[in-house]
file final.txt (compact mmCIF, N, CA and C atoms)
# COMPACT_ATOMS: atom_id res chain seq x y z
N MET D 256 -37.42 7.18 -20.56
CA MET D 256 -36.17 7.26 -21.30
C MET D 256 -35.54 8.64 -21.11
N ARG D 257 -36.35 9.65 -20.94
CA ARG D 257 -35.85 11.01 -20.78
C ARG D 257 -35.04 11.16 -19.49
N LEU D 258 -35.49 10.55 -18.37
CA LEU D 258 -34.79 10.64 -17.10
C LEU D 258 -33.43 9.96 -17.18
N SER D 259 -33.39 8.79 -17.79
CA SER D 259 -32.10 8.10 -17.90
C SER D 259 -31.14 8.86 -18.79
N GLN D 260 -31.64 9.51 -19.81
CA GLN D 260 -30.78 10.31 -20.68
C GLN D 260 -30.24 11.52 -19.93
N THR D 261 -31.08 12.16 -19.11
CA THR D 261 -30.64 13.30 -18.32
C THR D 261 -29.59 12.89 -17.30
N LEU D 262 -29.81 11.76 -16.63
CA LEU D 262 -28.82 11.26 -15.66
C LEU D 262 -27.51 10.91 -16.34
N TYR D 263 -27.59 10.34 -17.53
CA TYR D 263 -26.39 9.99 -18.26
C TYR D 263 -25.60 11.24 -18.64
N GLU D 264 -26.31 12.27 -19.04
CA GLU D 264 -25.64 13.52 -19.44
C GLU D 264 -25.06 14.26 -18.24
N ASP D 265 -25.70 14.16 -17.09
CA ASP D 265 -25.28 14.91 -15.91
C ASP D 265 -24.63 14.00 -14.86
N TRP D 266 -23.91 12.97 -15.28
CA TRP D 266 -23.30 12.04 -14.33
C TRP D 266 -22.28 12.73 -13.43
N GLY D 267 -21.64 13.76 -13.91
CA GLY D 267 -20.66 14.49 -13.11
C GLY D 267 -21.32 15.20 -11.93
N VAL D 268 -22.49 15.77 -12.17
CA VAL D 268 -23.23 16.44 -11.11
C VAL D 268 -23.69 15.41 -10.07
N LEU D 269 -24.20 14.29 -10.54
CA LEU D 269 -24.64 13.22 -9.63
C LEU D 269 -23.47 12.71 -8.79
N LEU D 270 -22.31 12.53 -9.41
CA LEU D 270 -21.12 12.08 -8.70
C LEU D 270 -20.69 13.11 -7.66
N ALA D 271 -20.74 14.37 -8.00
CA ALA D 271 -20.37 15.43 -7.05
C ALA D 271 -21.33 15.47 -5.86
N VAL D 272 -22.62 15.30 -6.11
CA VAL D 272 -23.61 15.29 -5.03
C VAL D 272 -23.36 14.10 -4.10
N LEU D 273 -23.08 12.94 -4.66
CA LEU D 273 -22.79 11.76 -3.84
C LEU D 273 -21.51 11.94 -3.03
N LEU D 274 -20.50 12.55 -3.61
CA LEU D 274 -19.25 12.81 -2.90
C LEU D 274 -19.47 13.79 -1.74
N VAL D 275 -20.23 14.84 -1.97
CA VAL D 275 -20.53 15.80 -0.90
C VAL D 275 -21.33 15.14 0.21
N ALA D 276 -22.28 14.30 -0.14
CA ALA D 276 -23.07 13.60 0.87
C ALA D 276 -22.18 12.67 1.70
N TYR D 277 -21.28 11.95 1.05
CA TYR D 277 -20.37 11.05 1.76
C TYR D 277 -19.45 11.82 2.70
N LEU D 278 -18.86 12.90 2.22
CA LEU D 278 -17.97 13.70 3.06
C LEU D 278 -18.72 14.36 4.21
N SER D 279 -19.94 14.79 3.98
CA SER D 279 -20.75 15.36 5.05
C SER D 279 -21.03 14.33 6.14
N HIS D 280 -21.32 13.12 5.73
CA HIS D 280 -21.57 12.05 6.70
C HIS D 280 -20.30 11.77 7.52
N LYS D 281 -19.14 11.72 6.87
CA LYS D 281 -17.88 11.49 7.58
C LYS D 281 -17.61 12.61 8.58
N LEU D 282 -17.86 13.86 8.20
CA LEU D 282 -17.66 14.97 9.13
C LEU D 282 -18.60 14.88 10.32
N TYR D 283 -19.82 14.44 10.08
CA TYR D 283 -20.78 14.26 11.18
C TYR D 283 -20.30 13.19 12.15
N VAL D 284 -19.81 12.08 11.62
CA VAL D 284 -19.29 11.01 12.47
C VAL D 284 -18.10 11.52 13.27
N TYR D 285 -17.18 12.22 12.62
CA TYR D 285 -16.01 12.75 13.33
C TYR D 285 -16.40 13.75 14.40
N SER D 286 -17.41 14.55 14.13
CA SER D 286 -17.81 15.55 15.13
C SER D 286 -18.35 14.88 16.39
N ARG D 287 -19.00 13.72 16.25
CA ARG D 287 -19.50 13.00 17.41
C ARG D 287 -18.39 12.30 18.17
N LEU D 288 -17.33 11.91 17.47
CA LEU D 288 -16.27 11.11 18.08
C LEU D 288 -14.99 11.91 18.33
N GLN D 289 -15.05 13.23 18.25
CA GLN D 289 -13.85 14.04 18.36
C GLN D 289 -13.21 14.00 19.75
N TYR D 290 -13.94 13.58 20.75
CA TYR D 290 -13.40 13.56 22.11
C TYR D 290 -12.56 12.32 22.39
N PHE D 291 -12.59 11.35 21.50
CA PHE D 291 -11.82 10.12 21.68
C PHE D 291 -10.58 10.16 20.82
N LYS D 292 -9.53 9.49 21.28
CA LYS D 292 -8.29 9.40 20.51
C LYS D 292 -8.34 8.12 19.69
N TRP D 293 -7.57 8.11 18.60
CA TRP D 293 -7.55 6.93 17.76
C TRP D 293 -6.29 6.88 16.92
N PRO D 294 -5.92 5.67 16.49
CA PRO D 294 -4.80 5.53 15.56
C PRO D 294 -5.16 6.16 14.21
N TRP D 295 -4.18 6.67 13.52
CA TRP D 295 -4.43 7.33 12.24
C TRP D 295 -5.11 6.38 11.26
N GLY D 296 -6.14 6.87 10.59
CA GLY D 296 -6.79 6.13 9.52
C GLY D 296 -7.96 5.26 9.91
N VAL D 297 -8.17 4.99 11.20
CA VAL D 297 -9.24 4.07 11.55
C VAL D 297 -10.62 4.71 11.41
N GLY D 298 -10.70 6.01 11.36
CA GLY D 298 -11.99 6.66 11.19
C GLY D 298 -12.53 6.54 9.77
N PHE D 299 -11.64 6.26 8.82
CA PHE D 299 -12.04 6.18 7.41
C PHE D 299 -12.48 4.80 6.98
N THR D 300 -11.82 3.79 7.51
CA THR D 300 -12.02 2.45 6.98
C THR D 300 -11.76 1.39 8.04
N LEU D 301 -12.19 0.19 7.77
CA LEU D 301 -11.94 -0.96 8.64
C LEU D 301 -10.70 -1.74 8.21
N LEU D 302 -9.95 -1.22 7.24
CA LEU D 302 -8.82 -1.96 6.71
C LEU D 302 -7.75 -2.22 7.77
N LEU D 303 -7.44 -1.24 8.61
CA LEU D 303 -6.42 -1.44 9.64
C LEU D 303 -6.85 -2.51 10.63
N GLN D 304 -8.10 -2.46 11.04
CA GLN D 304 -8.60 -3.47 11.97
C GLN D 304 -8.63 -4.84 11.28
N GLY D 305 -9.05 -4.89 10.05
CA GLY D 305 -9.05 -6.16 9.30
C GLY D 305 -7.66 -6.73 9.15
N LYS D 306 -6.69 -5.87 8.91
CA LYS D 306 -5.30 -6.32 8.81
C LYS D 306 -4.83 -6.91 10.13
N GLN D 307 -5.18 -6.27 11.22
CA GLN D 307 -4.77 -6.77 12.53
C GLN D 307 -5.47 -8.08 12.86
N LEU D 308 -6.74 -8.20 12.52
CA LEU D 308 -7.49 -9.42 12.81
C LEU D 308 -7.03 -10.59 11.96
N SER D 309 -6.52 -10.32 10.77
CA SER D 309 -6.06 -11.41 9.92
C SER D 309 -4.69 -11.92 10.33
N GLY D 310 -3.98 -11.17 11.17
CA GLY D 310 -2.67 -11.60 11.65
C GLY D 310 -2.79 -12.54 12.84
N LEU D 311 -1.65 -12.82 13.42
CA LEU D 311 -1.63 -13.78 14.52
C LEU D 311 -1.89 -13.14 15.88
N GLY D 312 -1.75 -11.82 16.01
CA GLY D 312 -1.88 -11.21 17.32
C GLY D 312 -2.85 -10.06 17.40
N PRO D 313 -4.14 -10.27 17.06
CA PRO D 313 -5.08 -9.14 17.10
C PRO D 313 -5.30 -8.62 18.52
N PHE D 314 -5.22 -9.50 19.51
CA PHE D 314 -5.48 -9.05 20.87
C PHE D 314 -4.36 -8.16 21.38
N SER D 315 -3.15 -8.40 20.93
CA SER D 315 -2.05 -7.52 21.34
C SER D 315 -2.22 -6.14 20.71
N TRP D 316 -2.80 -6.08 19.50
CA TRP D 316 -3.06 -4.78 18.88
C TRP D 316 -4.10 -4.00 19.70
N TYR D 317 -5.16 -4.68 20.13
CA TYR D 317 -6.16 -4.03 20.97
C TYR D 317 -5.53 -3.54 22.27
N GLU D 318 -4.66 -4.36 22.84
CA GLU D 318 -3.99 -3.97 24.08
C GLU D 318 -3.09 -2.76 23.85
N ASP D 319 -2.36 -2.74 22.74
CA ASP D 319 -1.50 -1.61 22.43
C ASP D 319 -2.30 -0.33 22.22
N VAL D 320 -3.43 -0.44 21.53
CA VAL D 320 -4.30 0.72 21.31
C VAL D 320 -4.83 1.24 22.64
N ALA D 321 -5.26 0.35 23.52
CA ALA D 321 -5.78 0.76 24.82
C ALA D 321 -4.70 1.43 25.66
N GLU D 322 -3.48 0.91 25.63
CA GLU D 322 -2.39 1.51 26.39
C GLU D 322 -2.01 2.88 25.85
N LYS D 323 -1.98 3.01 24.54
CA LYS D 323 -1.52 4.26 23.92
C LYS D 323 -2.59 5.34 23.91
N TYR D 324 -3.86 4.98 23.66
CA TYR D 324 -4.91 5.98 23.46
C TYR D 324 -5.90 6.08 24.61
N GLY D 325 -5.76 5.26 25.63
CA GLY D 325 -6.61 5.37 26.80
C GLY D 325 -7.70 4.32 26.86
N PRO D 326 -8.56 4.40 27.89
CA PRO D 326 -9.57 3.36 28.11
C PRO D 326 -10.70 3.35 27.08
N ILE D 327 -10.87 4.44 26.35
CA ILE D 327 -11.86 4.48 25.26
C ILE D 327 -11.13 5.00 24.03
N ALA D 328 -11.05 4.16 23.00
CA ALA D 328 -10.34 4.54 21.77
C ALA D 328 -11.15 4.10 20.57
N LEU D 329 -11.07 4.89 19.51
CA LEU D 329 -11.75 4.56 18.26
C LEU D 329 -10.88 3.57 17.49
N ILE D 330 -11.46 2.44 17.06
CA ILE D 330 -10.70 1.45 16.31
C ILE D 330 -11.29 1.19 14.93
N GLY D 331 -12.34 1.88 14.59
CA GLY D 331 -12.97 1.76 13.28
C GLY D 331 -14.07 2.80 13.19
N PRO D 332 -14.60 3.01 12.00
CA PRO D 332 -15.70 3.98 11.88
C PRO D 332 -16.86 3.57 12.79
N ASN D 333 -17.16 4.39 13.76
CA ASN D 333 -18.24 4.14 14.73
C ASN D 333 -18.00 2.91 15.60
N ILE D 334 -16.75 2.49 15.79
CA ILE D 334 -16.42 1.35 16.65
C ILE D 334 -15.46 1.82 17.72
N LEU D 335 -15.90 1.73 18.97
CA LEU D 335 -15.07 2.13 20.10
C LEU D 335 -14.57 0.90 20.84
N LEU D 336 -13.30 0.95 21.25
CA LEU D 336 -12.71 -0.06 22.11
C LEU D 336 -12.76 0.47 23.53
N VAL D 337 -13.47 -0.22 24.41
CA VAL D 337 -13.55 0.18 25.82
C VAL D 337 -12.81 -0.88 26.62
N SER D 338 -11.70 -0.47 27.26
CA SER D 338 -10.87 -1.44 27.97
C SER D 338 -11.03 -1.37 29.49
N ASP D 339 -11.81 -0.43 29.97
CA ASP D 339 -12.03 -0.30 31.42
C ASP D 339 -13.41 -0.87 31.77
N PRO D 340 -13.48 -1.90 32.61
CA PRO D 340 -14.78 -2.51 32.94
C PRO D 340 -15.74 -1.54 33.62
N ASP D 341 -15.22 -0.61 34.42
CA ASP D 341 -16.11 0.36 35.09
C ASP D 341 -16.77 1.29 34.07
N ILE D 342 -15.99 1.74 33.11
CA ILE D 342 -16.55 2.61 32.06
C ILE D 342 -17.55 1.83 31.21
N LEU D 343 -17.23 0.58 30.90
CA LEU D 343 -18.15 -0.24 30.11
C LEU D 343 -19.47 -0.44 30.83
N ALA D 344 -19.43 -0.71 32.14
CA ALA D 344 -20.66 -0.88 32.92
C ALA D 344 -21.47 0.40 32.93
N ARG D 345 -20.79 1.53 33.05
CA ARG D 345 -21.49 2.81 33.07
C ARG D 345 -22.13 3.13 31.72
N ILE D 346 -21.42 2.84 30.64
CA ILE D 346 -21.95 3.11 29.30
C ILE D 346 -23.15 2.23 29.01
N THR D 347 -23.02 0.93 29.29
CA THR D 347 -24.10 0.00 28.91
C THR D 347 -25.32 0.11 29.80
N SER D 348 -25.19 0.78 30.94
CA SER D 348 -26.36 0.93 31.81
C SER D 348 -27.23 2.12 31.41
N ARG D 349 -26.72 2.98 30.55
CA ARG D 349 -27.48 4.16 30.14
C ARG D 349 -28.35 3.86 28.94
N ALA D 350 -29.50 4.49 28.92
CA ALA D 350 -30.40 4.34 27.77
C ALA D 350 -29.81 5.08 26.57
N GLY D 351 -30.05 4.58 25.39
CA GLY D 351 -29.60 5.24 24.18
C GLY D 351 -28.31 4.68 23.61
N TYR D 352 -27.60 3.85 24.35
CA TYR D 352 -26.39 3.22 23.85
C TYR D 352 -26.75 1.82 23.38
N LYS D 353 -26.64 1.60 22.08
CA LYS D 353 -27.01 0.31 21.50
C LYS D 353 -25.79 -0.59 21.42
N LYS D 354 -25.95 -1.79 21.90
CA LYS D 354 -24.91 -2.80 21.77
C LYS D 354 -25.12 -3.52 20.44
N THR D 355 -24.08 -4.17 19.95
CA THR D 355 -24.22 -4.93 18.71
C THR D 355 -25.09 -6.15 18.94
N ASP D 356 -25.58 -6.73 17.87
CA ASP D 356 -26.50 -7.87 17.97
C ASP D 356 -25.88 -9.08 18.65
N TRP D 357 -24.56 -9.30 18.48
CA TRP D 357 -23.95 -10.48 19.09
C TRP D 357 -23.99 -10.40 20.62
N TRP D 358 -24.12 -9.22 21.17
CA TRP D 358 -24.17 -9.04 22.63
C TRP D 358 -25.39 -9.76 23.20
N TYR D 359 -26.48 -9.75 22.46
CA TYR D 359 -27.73 -10.32 22.94
C TYR D 359 -27.94 -11.79 22.57
N LYS D 360 -27.09 -12.33 21.70
CA LYS D 360 -27.26 -13.70 21.22
C LYS D 360 -26.02 -14.52 21.53
N PRO D 361 -25.92 -15.06 22.74
CA PRO D 361 -24.73 -15.86 23.03
C PRO D 361 -24.74 -17.15 22.23
N SER D 362 -23.56 -17.58 21.87
CA SER D 362 -23.48 -18.81 21.05
C SER D 362 -23.27 -20.03 21.90
call {"tool": "encode", "arguments": {"input": "final.txt", "output": "structure tokens"}}
result
Amino acid sequence: MRLSQTLYEDWGVLLAVLLVAYLSHKLYVYSRLQYFKWPWGVGFTLLLQGKQLSGLGPFSWYEDVAEKYGPIALIGPNILLVSDPDILARITSRAGYKKTDWWYKPS
């Protein structure tokens, strides 16, 4: 009961620690992806991508992003759009680059 009472009294400190941890993680992600260009806001959330996917023309959005930002563009937190087949072959042939699970499980 003492621990829960202490946490209840110091909820502001706990909230501040969680906020600092979240912002530190975001800065770490950005530092790894700083070499790629991206549309504003896609590094924070998947909302822009979700909005595009819920519309009628998600593929045209991907095409527009690839034309505007180059063959490798960030389209979501830790999600890269690779539109050049040569670059994709080079990336996927190297060790350490993990593909998503759907890549290995064809339907």
call {"tool": "residues_around", "arguments": {"input": "final.txt", "residues": "stretch 280-293 of chain D", "least_positions_apart": "5", "cutoff": "7 Å", "atoms": "only C-alpha atoms", "output": "MDAnalysis selection string"}}
result
chainID D and resid 324 327:330
call {"tool": "axis_aligned_box", "arguments": {"input": "final.txt", "around": "stretch 320-337 of chain D", "padding_each_side": "3 Å", "output": "JSON"}}
result
{"center_x": -9.9, "center_y": 2.6, "center_z": 20.0, "size_x": 22.7, "size_y": 13.0, "size_z": 22.2}
call {"tool": "atom_distance", "arguments": {"input": "final.txt", "atom1": "atom CA of D:Ser279", "atom2": "atom N of D:Glu264"}}
result
24.9 Å
call {"tool": "atom_distance", "arguments": {"input": "final.txt", "atom1": "atom C of D:Pro326", "atom2": "atom CA of D:Ser338"}}
result
4.9 Å
call {"tool": "atom_distance", "arguments": {"input": "final.txt", "atom1": "atom C of D:Val275", "atom2": "atom N of D:Tyr352"}}
result
27.4 Å
